[in-house]
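Okay, structure36.txt is below, compact mmCIF, C-alpha atoms and all ligand atoms:
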# COMPACT_ATOMS: atom_id res chain seq x y z
CA MET A 10 89.48 128.20 105.92
CA SER A 11 91.35 128.06 109.20
CA VAL A 12 91.39 124.67 110.84
CA GLU A 13 92.98 123.19 113.96
CA SER A 14 96.31 121.83 112.72
CA ILE A 15 99.27 119.62 113.66
CA VAL A 16 101.57 122.06 111.81
CA THR A 17 101.95 125.82 111.65
CA PRO A 18 102.61 127.73 108.43
CA ALA A 19 106.28 127.79 109.49
CA ASP A 20 106.56 124.00 109.15
CA LYS A 21 107.57 122.63 105.80
CA ILE A 22 105.13 120.52 103.80
CA LEU A 23 106.20 118.39 100.84
CA ILE A 24 103.76 117.55 98.05
CA THR A 25 104.71 114.79 95.62
CA GLY A 26 102.82 114.58 92.33
CA SER A 27 102.34 118.32 92.84
CA ASN A 28 101.94 119.05 89.13
CA GLY A 29 99.31 116.35 88.67
CA PHE A 30 95.52 116.36 88.35
CA ILE A 31 94.87 116.18 92.10
CA GLY A 32 98.27 117.51 93.22
CA THR A 33 97.71 120.97 91.71
CA ARG A 34 94.36 121.22 93.50
CA ALA A 35 95.92 120.13 96.82
CA LEU A 36 98.64 122.74 96.33
CA GLU A 37 96.07 125.47 95.74
CA ASN A 38 94.10 124.36 98.79
CA LEU A 39 97.19 124.60 101.03
CA LEU A 40 98.09 128.03 99.65
CA ALA A 41 94.54 129.27 100.22
CA ARG A 42 94.84 128.15 103.85
CA GLY A 43 97.98 130.27 104.27
CA PHE A 44 100.58 127.49 104.00
CA PHE A 45 103.42 128.87 101.91
CA ASN A 46 106.36 126.93 103.29
CA LEU A 47 105.79 124.27 100.68
CA ARG A 48 108.07 122.07 98.63
CA CYS A 49 106.63 120.80 95.35
CA PHE A 50 108.31 117.68 94.08
CA VAL A 51 108.19 117.21 90.30
CA ARG A 52 110.12 115.17 87.77
CA PRO A 53 112.59 116.90 85.45
CA SER A 54 110.24 116.01 82.58
CA SER A 55 107.02 117.09 84.36
CA LYS A 56 104.76 119.67 82.79
CA LEU A 57 104.65 122.65 85.14
CA GLU A 58 102.22 125.11 83.50
CA LYS A 59 99.25 124.36 85.80
CA LEU A 60 101.42 124.40 88.90
CA GLN A 61 103.05 127.70 87.94
CA LYS A 62 99.69 129.28 87.13
CA ILE A 63 98.49 128.45 90.64
CA LEU A 64 101.64 129.79 92.28
CA ALA A 65 101.27 133.02 90.30
CA GLN A 66 97.85 133.61 91.91
CA PHE A 67 99.43 133.88 95.36
CA PRO A 68 102.05 136.62 95.79
CA ALA A 69 103.07 135.05 99.11
CA ALA A 70 103.95 131.84 97.26
CA LYS A 71 107.15 133.30 95.81
CA ASN A 72 109.27 131.20 98.15
CA VAL A 73 107.52 127.91 97.41
CA GLU A 74 110.25 125.49 96.38
CA ILE A 75 110.04 123.39 93.26
CA VAL A 76 112.38 120.44 93.55
CA ALA A 77 112.96 118.31 90.46
CA GLY A 78 113.92 114.69 90.81
CA ASP A 79 112.66 111.14 90.69
CA LEU A 80 111.32 109.29 93.72
CA LEU A 81 113.08 106.20 92.41
CA SER A 82 116.34 107.90 93.41
CA ARG A 83 117.15 107.73 97.11
CA GLU A 84 119.30 110.83 96.79
CA ASP A 85 116.43 112.81 95.22
CA CYS A 86 114.15 111.63 98.03
CA ARG A 87 116.64 112.93 100.59
CA ARG A 88 116.58 116.36 98.92
CA ALA A 89 112.80 116.23 98.89
CA ALA A 90 112.28 115.18 102.51
CA LYS A 91 114.93 117.25 104.29
CA ASP A 92 113.39 119.26 107.17
CA VAL A 93 109.86 118.37 106.10
CA ALA A 94 107.16 117.95 108.78
CA VAL A 95 104.33 116.59 106.64
CA ILE A 96 104.37 114.77 103.32
CA VAL A 97 101.31 114.73 101.09
CA HIS A 98 102.20 111.82 98.83
CA LEU A 99 100.28 111.85 95.56
CA ALA A 100 102.87 110.59 93.10
CA ALA A 101 102.00 107.15 91.79
CA GLY A 102 102.66 104.77 88.97
CA PHE A 103 99.92 104.30 86.40
CA ASP A 104 101.99 101.85 84.38
CA LYS A 105 100.23 98.93 82.79
CA SER A 106 103.04 96.58 83.81
CA PHE A 107 103.21 95.16 87.34
CA ALA A 108 106.92 95.96 87.52
CA GLY A 109 106.34 99.59 86.54
CA ALA A 110 103.46 100.05 88.97
CA PHE A 111 105.49 98.44 91.76
CA MET A 112 108.43 100.75 91.10
CA ASN A 113 106.58 104.05 90.93
CA SER A 114 104.07 103.32 93.67
CA ALA A 115 105.85 101.03 96.13
CA LEU A 116 109.61 101.48 95.63
CA ALA A 117 109.22 105.25 95.27
CA THR A 118 107.24 105.32 98.52
CA ARG A 119 109.84 103.24 100.35
CA ASN A 120 112.59 105.65 99.26
CA LEU A 121 110.52 108.60 100.38
CA LEU A 122 109.65 107.06 103.75
CA ASP A 123 113.31 106.25 104.48
CA ALA A 124 114.36 109.80 103.62
CA PHE A 125 111.51 111.27 105.66
CA LEU A 126 112.51 109.31 108.77
CA GLU A 127 116.20 110.03 108.23
CA LEU A 128 116.19 113.74 107.40
CA GLY A 129 112.70 115.08 107.97
CA LYS A 130 110.95 116.31 111.10
CA PRO A 131 108.21 113.74 110.63
CA ARG A 132 104.81 114.50 111.98
CA ARG A 133 102.60 112.84 109.40
CA PHE A 134 102.74 110.99 106.11
CA VAL A 135 99.57 111.34 104.07
CA ASN A 136 99.34 108.50 101.59
CA VAL A 137 96.89 108.95 98.76
CA SER A 138 95.75 105.49 97.81
CA SER A 139 92.69 104.42 95.83
CA PHE A 140 89.47 102.40 95.76
CA ALA A 141 91.47 100.01 93.56
CA VAL A 142 92.74 98.29 96.73
CA TYR A 143 89.27 96.94 97.58
CA SER A 144 87.77 93.68 96.44
CA ASN A 145 84.00 93.29 96.31
CA PHE A 146 84.37 89.86 94.70
CA LYS A 147 82.71 88.06 97.60
CA MET A 148 80.24 90.83 98.42
CA GLU A 149 76.61 91.12 97.37
CA ARG A 150 76.02 93.47 94.46
CA HIS A 151 75.29 97.02 95.68
CA ALA A 152 76.44 96.23 99.23
CA LEU A 153 78.00 99.09 101.20
CA LEU A 154 81.70 99.47 100.47
CA ASP A 155 83.37 101.28 103.33
CA GLU A 156 86.81 101.41 104.97
CA ASN A 157 86.27 98.00 106.63
CA CYS A 158 85.71 96.09 103.41
CA PRO A 159 88.14 93.40 102.25
CA LEU A 160 91.22 94.32 100.27
CA GLU A 161 92.06 92.64 96.98
CA THR A 162 94.16 89.52 97.58
CA GLU A 163 94.65 88.60 93.93
CA PRO A 164 95.53 91.73 91.92
CA GLN A 165 97.37 89.52 89.41
CA ALA A 166 94.22 87.51 88.71
CA ARG A 167 92.38 90.83 88.35
CA ASN A 168 95.12 91.92 85.93
CA ASP A 169 95.33 95.19 87.84
CA ALA A 170 98.89 96.49 87.98
CA TYR A 171 97.82 99.85 89.36
CA GLY A 172 95.85 98.24 92.20
CA PHE A 173 98.80 95.93 92.92
CA GLY A 174 101.11 98.96 93.26
CA LYS A 175 98.64 100.71 95.54
CA LEU A 176 98.21 97.63 97.77
CA LYS A 177 101.99 97.32 98.14
CA GLN A 178 102.28 101.05 98.82
CA GLU A 179 99.65 100.94 101.57
CA GLN A 180 101.26 97.87 103.12
CA LEU A 181 104.61 99.65 103.27
CA VAL A 182 103.10 102.68 104.97
CA ARG A 183 101.36 100.51 107.57
CA ASP A 184 104.60 98.51 108.13
CA TYR A 185 106.63 101.69 108.65
CA GLY A 186 103.98 102.76 111.13
CA ALA A 187 104.14 99.50 113.08
CA GLN A 188 107.91 99.00 112.93
CA ARG A 189 109.40 102.49 112.82
CA GLY A 190 106.79 104.69 114.47
CA LEU A 191 105.75 106.56 111.32
CA LYS A 192 102.52 108.52 111.80
CA TRP A 193 100.33 108.11 108.76
CA VAL A 194 96.89 108.73 107.31
CA ILE A 195 95.65 106.89 104.22
CA LEU A 196 93.03 108.30 101.85
CA ARG A 197 91.26 106.20 99.27
CA PRO A 198 89.55 108.43 96.72
CA GLY A 199 86.88 106.90 94.53
CA MET A 200 86.22 108.18 91.01
CA VAL A 201 87.88 111.60 90.89
CA TYR A 202 86.53 113.87 88.16
CA GLY A 203 87.11 117.45 87.16
CA PRO A 204 88.69 119.75 84.60
CA GLY A 205 91.98 118.32 83.44
CA LYS A 206 90.74 114.75 83.22
CA SER A 207 88.64 114.19 80.15
CA ASP A 208 88.47 110.39 79.94
CA LEU A 209 85.42 108.81 81.51
CA SER A 210 86.13 106.36 84.31
CA GLY A 211 86.25 102.69 83.41
CA ARG A 212 83.47 102.25 85.95
CA ILE A 213 81.15 103.95 83.47
CA GLY A 214 82.37 102.00 80.52
CA ILE A 215 85.17 101.32 78.10
CA ASN A 216 86.10 102.69 74.74
CA THR A 217 87.03 99.57 72.91
CA PHE A 218 86.35 97.79 69.62
CA GLY A 219 85.84 101.29 68.15
CA PHE A 220 82.91 102.47 70.27
CA PHE A 221 81.88 103.13 73.86
CA ILE A 222 80.47 100.19 75.80
CA HIS A 223 78.43 101.40 78.74
CA LEU A 224 78.92 98.93 81.57
CA GLY A 225 78.03 100.83 84.73
CA GLY A 226 74.25 100.91 84.12
CA ARG A 227 72.43 102.25 87.15
CA ASN A 228 75.35 101.66 89.53
CA GLU A 229 76.07 104.43 92.00
CA MET A 230 79.41 106.08 91.14
CA PRO A 231 81.91 106.70 93.98
CA MET A 232 82.43 110.16 92.54
CA THR A 233 84.35 113.01 94.11
CA PHE A 234 85.06 116.32 92.44
CA VAL A 235 88.79 117.00 92.30
CA ASP A 236 88.64 120.08 94.56
CA ASN A 237 86.53 118.28 97.15
CA CYS A 238 88.97 115.37 97.06
CA ALA A 239 91.93 117.75 97.44
CA ASP A 240 90.20 119.38 100.40
CA ALA A 241 89.88 116.00 102.12
CA ILE A 242 93.56 115.28 101.46
CA VAL A 243 94.64 118.61 102.95
CA LEU A 244 92.42 118.15 106.00
CA ALA A 245 93.99 114.72 106.49
CA ALA A 246 97.40 116.42 106.45
CA LEU A 247 96.46 119.00 109.06
CA LYS A 248 93.84 117.65 111.42
CA PRO A 249 95.06 116.45 114.85
CA GLY A 250 94.01 113.05 116.18
CA VAL A 251 93.60 111.10 112.95
CA ASP A 252 96.92 109.23 112.77
CA GLY A 253 96.49 105.64 111.67
CA GLU A 254 93.09 106.31 110.10
CA ILE A 255 91.94 105.34 106.62
CA PHE A 256 89.34 107.40 104.78
CA ASN A 257 87.33 106.69 101.67
CA VAL A 258 86.80 109.88 99.69
CA VAL A 259 83.46 110.27 97.92
CA ASP A 260 81.17 113.29 97.69
CA ASP A 261 77.77 113.46 99.38
CA GLU A 262 75.81 113.37 96.17
CA ARG A 263 76.51 110.44 93.89
CA TRP A 264 75.05 109.98 90.45
CA THR A 265 74.47 106.74 88.66
CA SER A 266 76.77 105.79 85.83
CA LYS A 267 73.83 106.29 83.44
CA GLU A 268 73.23 109.83 84.68
CA PHE A 269 76.93 110.68 84.44
CA LEU A 270 77.13 109.38 80.89
CA ALA A 271 73.97 111.27 79.88
CA ALA A 272 75.43 114.52 81.24
CA ARG A 273 78.65 113.91 79.31
CA LYS A 274 76.70 113.28 76.12
CA GLU A 275 74.88 116.61 76.45
CA THR A 276 78.13 118.38 75.52
CA LYS A 277 78.65 116.14 72.49
CA ASN A 278 76.67 113.06 71.68
CA PHE A 279 78.52 109.87 70.82
CA PHE A 280 77.50 106.32 70.07
CA SER A 281 77.40 103.93 72.99
CA VAL A 282 76.03 100.47 73.62
CA TRP A 283 74.78 99.34 77.00
CA LEU A 284 75.80 95.87 78.09
CA PRO A 285 73.83 94.44 81.05
CA TYR A 286 75.94 93.23 83.94
CA PRO A 287 74.98 89.51 83.76
CA LEU A 288 76.11 89.44 80.14
CA MET A 289 79.39 91.19 80.96
CA LYS A 290 79.94 88.83 83.89
CA PHE A 291 79.39 85.83 81.64
CA GLY A 292 81.78 87.23 79.02
CA CYS A 293 84.43 88.01 81.63
CA GLY A 294 84.17 84.44 83.02
CA LEU A 295 84.62 82.99 79.53
CA TRP A 296 87.58 85.28 78.80
CA GLU A 297 89.20 84.35 82.13
CA ASN A 298 88.83 80.61 81.54
CA PHE A 299 90.07 80.85 77.98
CA SER A 300 93.05 82.90 79.13
CA LYS A 301 93.90 80.28 81.79
CA LYS A 302 93.69 77.45 79.26
CA ARG A 303 95.94 79.37 76.88
CA HIS A 304 98.47 79.87 79.70
CA GLY A 305 98.56 83.64 79.34
CA GLN A 306 98.73 83.78 75.53
CA LEU A 307 95.49 85.75 75.84
CA PRO A 308 96.05 88.25 78.67
CA PRO A 309 93.28 88.12 81.31
CA VAL A 310 92.23 91.73 80.70
CA PHE A 311 88.63 90.69 81.32
CA ASN A 312 88.07 88.54 84.37
CA ARG A 313 85.49 88.02 87.11
CA ARG A 314 87.34 90.02 89.77
CA ARG A 315 87.68 93.08 87.58
CA CYS A 316 84.08 92.69 86.46
CA ALA A 317 82.82 92.75 90.04
CA ALA A 318 85.09 95.64 91.08
CA GLU A 319 84.32 97.93 88.19
CA TRP A 320 80.80 97.02 87.13
CA GLY A 321 79.24 94.94 89.89
CA GLY A 322 78.17 98.06 91.75
CA ASN A 323 78.29 99.13 95.39
CA THR A 324 76.92 101.82 97.60
CA PHE A 325 79.35 104.14 99.38
CA SER A 326 79.73 106.17 102.52
CA ASN A 327 81.73 109.23 103.52
CA GLU A 328 80.54 109.20 107.11
CA LYS A 329 84.06 108.82 108.52
CA LEU A 330 85.33 111.74 106.45
CA HIS A 331 82.56 113.96 107.78
CA LYS A 332 82.92 112.78 111.38
CA LEU A 333 86.69 112.65 111.91
CA LEU A 334 87.98 115.24 109.44
CA GLY A 335 85.05 117.65 109.62
CA TRP A 336 85.05 117.55 105.81
CA SER A 337 82.10 118.35 103.63
CA PRO A 338 82.14 118.88 99.89
CA LYS A 339 82.54 122.59 99.21
CA ILE A 340 81.53 122.28 95.57
CA LYS A 341 78.07 120.89 94.98
CA THR A 342 77.71 118.29 92.25
CA VAL A 343 75.62 120.52 89.99
CA ASP A 344 78.44 123.13 89.93
CA ALA A 345 81.16 120.51 89.81
CA MET A 346 79.58 118.93 86.74
CA LYS A 347 79.45 122.34 85.01
CA LEU A 348 83.18 122.81 85.64
CA PHE A 349 83.90 119.26 84.49
CA LEU A 350 81.83 119.47 81.31
CA ALA A 351 83.15 122.92 80.35
CA GLN A 352 86.41 121.29 79.27
CA TYR A 353 84.68 119.56 76.35
CA LYS A 354 83.22 122.78 74.92
N1 LIG A 401 92.66 110.46 89.39
C1 LIG A 401 91.92 109.56 90.02
O1 LIG A 401 90.78 109.26 89.59
C2 LIG A 401 92.41 108.92 91.29
C3 LIG A 401 91.53 108.09 92.00
C4 LIG A 401 91.96 107.49 93.17
C5 LIG A 401 93.25 107.71 93.61
N2 LIG A 401 94.10 108.50 92.90
C6 LIG A 401 95.46 108.70 93.41
O2 LIG A 401 95.72 110.08 93.52
C7 LIG A 401 97.09 110.33 93.29
C8 LIG A 401 97.25 111.43 92.26
O3 LIG A 401 96.62 111.01 91.06
P1 LIG A 401 96.41 112.00 89.82
O4 LIG A 401 95.14 111.59 89.18
O5 LIG A 401 96.60 113.40 90.26
O6 LIG A 401 97.59 111.52 88.90
P2 LIG A 401 98.56 112.32 87.91
O7 LIG A 401 97.94 113.57 87.44
O8 LIG A 401 99.01 111.35 86.87
O9 LIG A 401 99.77 112.63 88.86
C9 LIG A 401 100.68 111.65 89.23
C10 LIG A 401 101.96 112.36 89.59
O10 LIG A 401 102.93 111.42 90.03
C11 LIG A 401 104.17 111.82 89.49
N3 LIG A 401 105.10 110.69 89.50
C12 LIG A 401 104.91 109.44 89.03
N4 LIG A 401 106.00 108.70 89.21
C13 LIG A 401 106.92 109.49 89.83
C14 LIG A 401 108.26 109.30 90.27
N5 LIG A 401 108.88 108.13 90.11
N6 LIG A 401 108.89 110.34 90.86
C15 LIG A 401 108.28 111.52 91.02
N7 LIG A 401 107.01 111.76 90.62
C16 LIG A 401 106.35 110.76 90.02
C17 LIG A 401 103.81 112.31 88.11
O11 LIG A 401 104.85 113.08 87.53
P3 LIG A 401 104.84 113.42 85.94
O12 LIG A 401 103.91 114.58 85.76
O13 LIG A 401 106.24 113.76 85.65
O14 LIG A 401 104.37 112.19 85.23
C18 LIG A 401 102.56 113.13 88.43
O15 LIG A 401 102.92 114.40 88.92
C19 LIG A 401 97.71 109.02 92.87
O16 LIG A 401 98.37 108.47 93.99
C20 LIG A 401 96.54 108.17 92.47
O17 LIG A 401 96.79 106.82 92.70
C21 LIG A 401 93.71 109.12 91.74
Could you render the structure from this file as structure tokens?
Amino acid sequence: MSVESIVTPADKILITGSNGFIGTRALENLLARGFFNLRCFVRPSSKLEKLQKILAQFPAAKNVEIVAGDLLSREDCRRAAKDVAVIVHLAAGFDKSFAGAFMNSALATRNLLDAFLELGKPRRFVNVSSFAVYSNFKMERHALLDENCPLETEPQARNDAYGFGKLKQEQLVRDYGAQRGLKWVILRPGMVYGPGKSDLSGRIGINTFGFFIHLGGRNEMPMTFVDNCADAIVLAALKPGVDGEIFNVVDDERWTSKEFLAARKETKNFFSVWLPYPLMKFGCGLWENFSKKRHGQLPPVFNRRRCAAEWGGNTFSNEKLHKLLGWSPKIKTVDAMKLFLAQYK
């Protein structure tokens, strides 16, 4: 697993969101590569079982620090970032409110960046963003969505608080790069799946009105197995010569939404109804107009921008990930799906 690196195992690496779905896998990946000078940032209320189970597998991990705090506190960020060479920033806000998402994604990141530049030994800031920052609203259906595609300019109209937080977070990182010399890499994972996340992505469909509405049809899913995604994140933290680069993270093999749903149903069948895209688009347009006329009395949860982003469909590429990071998915989809589906049994 050895790879040319901007840091040595003696340099300190901070992982935020280290107890989370992807964070635990990134932690394990770093440990497996022989990086033990790690600081795991968690909240006082965070569940630590998964994280501790991973640490227990590596005797050399006995000195890994677990620092409890909240990234909304500047003082906690200072404790987190002191003497750190690389930050792998996974913590994020999944709040439904725009204020909540802004706080936990953008404000938290600003606090961390300030502390990193003040007290760290900054070599790289790895910001884990999301496909939610893209807008395919003006793109043809099934057009290639890569790192050069337009970003969402109207997250409010899309009613996407999470995407709004991620856009603000990315903007901050780029601004700190331009104005204060921060070296950064941004990763935008697509649909991350794996054990520990049992809900199906909204790209496949939504569980609403008491049953599952399948909306993804034959759309290609931007899927990446959690360990493959974590591997890309760790490579982005280590690899020389990739500062200022943005990477979409999707695996080589990508199933359609229909195939993914069928595989899920093999473990336990459930009732679902397929809604064709033109019908959904029409419904979303109606909902959006009605919501506008009612001046927000009906929240615009369905709207044309969201419809395009989640169910319009695109094709995807991981060419840049392969070329610049030397990444390739270590876990093949057939094995990844077995690991994913085992959690339902
Ligand atoms: N999962 C996906 O499908 C996906 C796709 C694309 C991008 N991403 C990105 O990948 C990253 C990790 O996602 P995940 O799925 O692993 O999420 P997750 O399991 O919910 O982990 C999020 C982590 O952030 C921490 N956190 C949130 N607010 C914080 C704060 N104010 N201070 C300190 N820690 C805070 C949480 O702590 P607690 O445990 O205490 O809540 C948790 O450890 C996120 O940046 C997300 O946007 C995820």
Which residues are near ligand LIG 401 (chain A) - at most 8 Å, using all atoms listed in the file? Format: as JSON, numbers by chain. {"A": [25, 26, 27, 28, 29, 30, 31, 32, 33, 50, 51, 52, 53, 54, 55, 56, 78, 79, 80, 81, 98, 99, 100, 101, 102, 103, 112, 113, 114, 117, 136, 137, 138, 139, 140, 141, 171, 175, 197, 198, 199, 200, 201, 202, 206, 210]}
Could you state the separation of CA of Arg48 in chain A and CA of Ile22 in chain A in Å, given to one decimal place? 6.1 Å
What gap, in Å, lies between CA of Asp169 in chain A and CA of Asp104 in chain A? 10.0 Å
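Proximity to Ala345 in chain A was assessed for A:Leu64, A:Ala124, A:Ala115, A:Val235 counting all atoms listed in the file; the smallest distance is recorded for A:Val235.
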Using all atoms listed in the file, which residues of range 134-242 of chain A come within 9 Å of range 278-290 of chain A, and what is the closest atom pair for each, with the distance in Å to one decimal? Give it as JSON lines, sorted by chain and residue number.
{"residue": "A:Gly214", "atom": "CA", "partner": "A:Trp283", "partner_atom": "CA", "distance": 8.8}
{"residue": "A:Asn216", "atom": "CA", "partner": "A:Ser281", "partner_atom": "CA", "distance": 9.0}
{"residue": "A:Phe220", "atom": "CA", "partner": "A:Ser281", "partner_atom": "CA", "distance": 6.3}
{"residue": "A:Phe221", "atom": "CA", "partner": "A:Ser281", "partner_atom": "CA", "distance": 4.6}
{"residue": "A:Ile222", "atom": "CA", "partner": "A:Val282", "partner_atom": "CA", "distance": 5.0}
{"residue": "A:His223", "atom": "CA", "partner": "A:Trp283", "partner_atom": "CA", "distance": 4.5}
{"residue": "A:Leu224", "atom": "CA", "partner": "A:Leu284", "partner_atom": "CA", "distance": 5.6}
{"residue": "A:Gly225", "atom": "CA", "partner": "A:Tyr286", "partner_atom": "CA", "distance": 7.9}
{"residue": "A:Gly226", "atom": "CA", "partner": "A:Pro285", "partner_atom": "CA", "distance": 7.2}
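Look at Trp296 in chain A: the protein and nucleic acid residues within 12 Å of it, using all atoms listed in the file and passing over chain neighbours fewer than 4 places away, are Met289, Lys290, Phe291, Gly292, Ser300, Lys301, Lys302, Arg303, Gly305, Gln306, Leu307, Pro308, Pro309, Val310, Phe311, Asn312, Arg313, Arg314, Arg315 and Cys316 of chain A.
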Just how far from CA of Phe44 in chain A is CA of Leu333 in chain A, in Å to one decimal? 21.8 Å
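Using all atoms listed in the file, the shortest contact distance between Ser326 in chain A and any of A:Leu209, A:Leu247, A:Leu191, A:Ala152 is found at A:Ala152.
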Between A:Arg42, A:Arg167, A:Lys341, A:Arg119, which one has atoms that come closest to Glu179 in chain A, using all atoms listed in the file? A:Arg119
With distances taken over only C-alpha atoms, which of A:Gln165, A:Ser207, A:Asn145, A:Asn237 is nearest to Asp261 in chain A? A:Asn237
Taking only N, CA and C atoms, show range 296-315 of chain A of the given structure as a compact mmCIF listing (two decimals), in the first residue's frame.
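Saved result, selection_38.txt, follows:
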# COMPACT_ATOMS: atom_id res chain seq x y z
N TRP A 296 -45.58 21.53 -8.70
CA TRP A 296 -45.33 21.76 -7.26
C TRP A 296 -44.59 23.08 -7.06
N GLU A 297 -43.57 23.29 -7.91
CA GLU A 297 -42.74 24.51 -7.81
C GLU A 297 -43.60 25.76 -8.03
N ASN A 298 -44.42 25.72 -9.09
CA ASN A 298 -45.26 26.89 -9.39
C ASN A 298 -46.27 27.16 -8.28
N PHE A 299 -46.87 26.09 -7.79
CA PHE A 299 -47.86 26.21 -6.73
C PHE A 299 -47.21 26.80 -5.48
N SER A 300 -46.01 26.30 -5.19
CA SER A 300 -45.27 26.77 -4.01
C SER A 300 -44.96 28.26 -4.14
N LYS A 301 -44.58 28.69 -5.37
CA LYS A 301 -44.28 30.12 -5.58
C LYS A 301 -45.52 30.97 -5.38
N LYS A 302 -46.64 30.49 -5.92
CA LYS A 302 -47.89 31.25 -5.80
C LYS A 302 -48.33 31.36 -4.35
N ARG A 303 -48.04 30.31 -3.58
CA ARG A 303 -48.44 30.29 -2.16
C ARG A 303 -47.40 30.96 -1.27
N HIS A 304 -46.42 31.60 -1.92
CA HIS A 304 -45.37 32.33 -1.18
C HIS A 304 -44.76 31.50 -0.07
N GLY A 305 -44.41 30.25 -0.37
CA GLY A 305 -43.67 29.44 0.60
C GLY A 305 -44.53 28.70 1.60
N GLN A 306 -45.88 28.90 1.53
CA GLN A 306 -46.74 28.14 2.46
C GLN A 306 -46.57 26.64 2.21
N LEU A 307 -46.38 26.31 0.92
CA LEU A 307 -46.06 24.92 0.55
C LEU A 307 -44.57 24.91 0.22
N PRO A 308 -43.73 24.28 1.04
CA PRO A 308 -42.29 24.34 0.78
C PRO A 308 -41.96 23.69 -0.57
N PRO A 309 -40.98 24.25 -1.29
CA PRO A 309 -40.69 23.74 -2.64
C PRO A 309 -39.85 22.46 -2.61
N VAL A 310 -40.31 21.47 -1.85
CA VAL A 310 -39.51 20.24 -1.73
C VAL A 310 -39.35 19.53 -3.08
N PHE A 311 -40.36 19.68 -3.93
CA PHE A 311 -40.21 19.18 -5.30
C PHE A 311 -40.13 20.39 -6.23
N ASN A 312 -39.10 20.36 -7.06
CA ASN A 312 -38.90 21.49 -7.98
C ASN A 312 -38.07 20.99 -9.16
N ARG A 313 -38.01 21.81 -10.20
CA ARG A 313 -37.38 21.34 -11.45
C ARG A 313 -35.88 21.12 -11.31
N ARG A 314 -35.24 21.97 -10.49
CA ARG A 314 -33.78 21.81 -10.32
C ARG A 314 -33.44 20.50 -9.61
N ARG A 315 -34.19 20.22 -8.55
CA ARG A 315 -33.94 18.97 -7.82
C ARG A 315 -34.25 17.77 -8.74
